[in-house]
Structures are given as C-alpha cells and as structure tokens.
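These notes are about the structure you will find just below.
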Amino acid sequence: MKTLILLAVLFSSTAFASVTGDKIHFQSDSTYVSAVFSKTLCLNGDTYEAMITKCMEWTNDDDRDCVRYGKVFATQPMNSTRQRCAQYSGGDDDRCREWVTVPYVQSPVRTVKWYRDSDNKDVLIRTEIVTVPACN
C-alpha cells in the first residue's frame with residue numbers, strides 16, 4: 001500500500017512540467033509570485049501585495065551564494081514602467097544601443113497554461129483563467 005501511495009505522489013507531481021502566464025513580477029524585489037500557487041498574493045486597490053522569501057545575506061566570494069533567507073512584505077503597482085531595448089547594435093556583439101521606458105501593466109486576470117513534457121516537447125494540457133484575489 002505504501003508503494004502504491006508513493007507511486008501516486010510521484011506521478012501526480014510529474015504530471016505538469018511547466019506553468020506559464022501565472023506570475024506577477026515584483027520589480028523592486030526582483031522576483032515573481034505565482035497567482036496559482038501563492039497563498040499570500042492579493043490585490044489591494046491597484047497594488048499587488050505578497051509575502052516573499054528573499055535572500056537577506058550573501059557570501060562574498062565569486063559564487064554569491066545565499067547564506068540566510070527571510071520573509072519580507074512586497075508590493076508592486078499594477079501599472080508601472082520598465083526599460084526595453086529599442087535598438088540593438090547587431091552582429092556578433094548584439095548589445096542594446098538604446099533603451100526606452102515603456103508602460104508595464106500586469107492584469108489581475110491571468111491566462112494560465114499548463115504543460116506536460118512528452119518526448120522533450122511541451123504539450124499543452126489545459127488553459128484556465130485565474131484572478132488574483134482582493135486583499136482582506
């Protein structure tokens with residue numbers, strides 16, 4: 001019986017290889033929060049709020065490993081801006097030559113796509129609409 005339960009857990013955890021469209025980008029904290037899996041993500045007016053795990057202390061060597069994590073309260077406006085490359089240099093050294101500021105709007109209504117890996121190809125399993133809940 002234990003073997004059967006273990007197999008069921010293993011197969012259910014590998015049923016989905018990836019999920020897209022679910023993440024809200026918290027720019028100032030350089031992280032993403034899933035609208036599907038997060039238990040703390042919510043929308044307060046026009047600002048997203050969430051408790052996130054963030055590195056609080058890094059090593060000073062070349063590896064830059066995190067040595068201490070902590071929970072922090074993060075906020076992100078639904079409407080903000082971000083930098084985009086407007087012109088690349090081209091050739092082998094394809095670097096950005098000109099940056100522009102563009103609007104960055106993150107809707108609370110997310111179209112989430114669930115994929116399964118099959119023979120090294122992502123196969124779409126299902127699509128669902130998820131709405132970030134209002135904060136209480």
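Chain labels A, B, ... are given in the sequence in which chains occur in the structure tokens; within each chain residues are numbered consecutively from 1, and ligands are likewise numbered from 1 in the order shown.
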With a distance cut-off of 7 Å and only C-alpha atoms, select the neighbouring residues of Thr47 in chain A, excluding the residue or stretch itself and same-chain residues fewer than 3 positions from it, and output the selection as a list in words.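 Close residues of Thr47 in chain A: Leu43, Asn44, Thr75, Gln76, Pro77 and Met78 of chain A.
Of the residues under consideration (A:Cys55, A:Val33, A:Cys85, A:Leu41), A:Cys55 shows the shortest atom-to-atom contact distance to Lys71 in chain A when counting only C-alpha atoms.
Here the DSSP assignment of alpha helix (DSSP H), based on backbone atoms, applies within range 3-97 of chain A to Thr3, Leu4, Ile5, Leu6, Leu7, Ala8, Val9, Leu10, Phe11, Ser12 and Ser13 of chain A.
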Taking only chain A into account, list the residues labelled strand (DSSP E or B) by DSSP (computed from the backbone), as JSON, numbers by chain. {"A": [18, 19, 20, 23, 24, 25, 26, 31, 32, 33, 34, 42, 43, 44, 47, 48, 49, 50, 51, 52, 53, 54, 55, 56, 57, 58, 66, 67, 68, 69, 70, 71, 72, 73, 74, 75, 76, 77, 79, 80, 81, 82, 83, 84, 85, 86, 87, 88, 96, 97, 98, 99, 100, 101, 102, 103, 104, 105, 109, 110, 111, 112, 113, 114, 115, 116, 117, 118, 121, 122, 123, 124, 125, 126, 127, 128, 129, 130, 131, 134]}
Name all residues at most 12 Å from Asn120 in chain A (count only C-alpha atoms; drop same-chain ones fewer than 4 positions away) and give them as number ranges by chain. A: 17, 115-116
Could you save the residues just selected, with N, CA and C atoms, as a short mmCIF file (atom, residue, chain, number, x, y, z; two decimals), in the first residue's frame?
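Everything below was put into part14.cif:
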```cif
data_model
loop_
_atom_site.label_atom_id
_atom_site.label_comp_id
_atom_site.auth_asym_id
_atom_site.auth_seq_id
_atom_site.Cartn_x
_atom_site.Cartn_y
_atom_site.Cartn_z
N ALA A 17 4.86 19.66 -16.35
CA ALA A 17 6.27 20.03 -16.46
C ALA A 17 6.44 21.54 -16.26
N TYR A 115 1.50 22.77 -19.00
CA TYR A 115 2.17 21.93 -19.99
C TYR A 115 2.71 20.67 -19.34
N ARG A 116 2.81 19.61 -20.13
CA ARG A 116 3.44 18.36 -19.72
C ARG A 116 4.56 18.07 -20.69
#
```
I want to know what sits within 12 Å of Arg97 in chain A, based on only C-alpha atoms, with residues of the same chain fewer than 2 positions away left out; could you give that as a list in words?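 Contacts, in chain order: Arg84, Cys85, Ala86, Gln87, Tyr88, Ser89, Gly90, Asp93, Asp94, Arg95, Trp99 and Val100 of chain A.
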Let me see the file: selected residues, C-alpha atoms, as a compact mmCIF listing (two decimals), in the first residue's frame.
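Output file part.txt follows:
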```
# COMPACT_ATOMS: atom_id res chain seq x y z
CA ARG A 84 13.09 47.92 -23.09
CA CYS A 85 15.78 47.84 -25.73
CA ALA A 86 14.77 49.97 -28.71
CA GLN A 87 17.84 49.31 -30.86
CA TYR A 88 20.47 46.57 -30.88
CA SER A 89 24.00 47.00 -32.23
CA GLY A 90 23.77 43.86 -34.37
CA ASP A 93 28.29 41.88 -30.33
CA ASP A 94 24.49 42.19 -30.22
CA ARG A 95 24.17 44.63 -27.31
CA TRP A 99 16.89 51.90 -24.01
CA VAL A 100 13.35 53.30 -23.75
```
Please determine, counting only C-alpha atoms, which residue among A:Met56, A:Val112, A:Val105, A:Ile24 has the shortest atom-to-atom distance to Gly70 in chain A. A:Met56
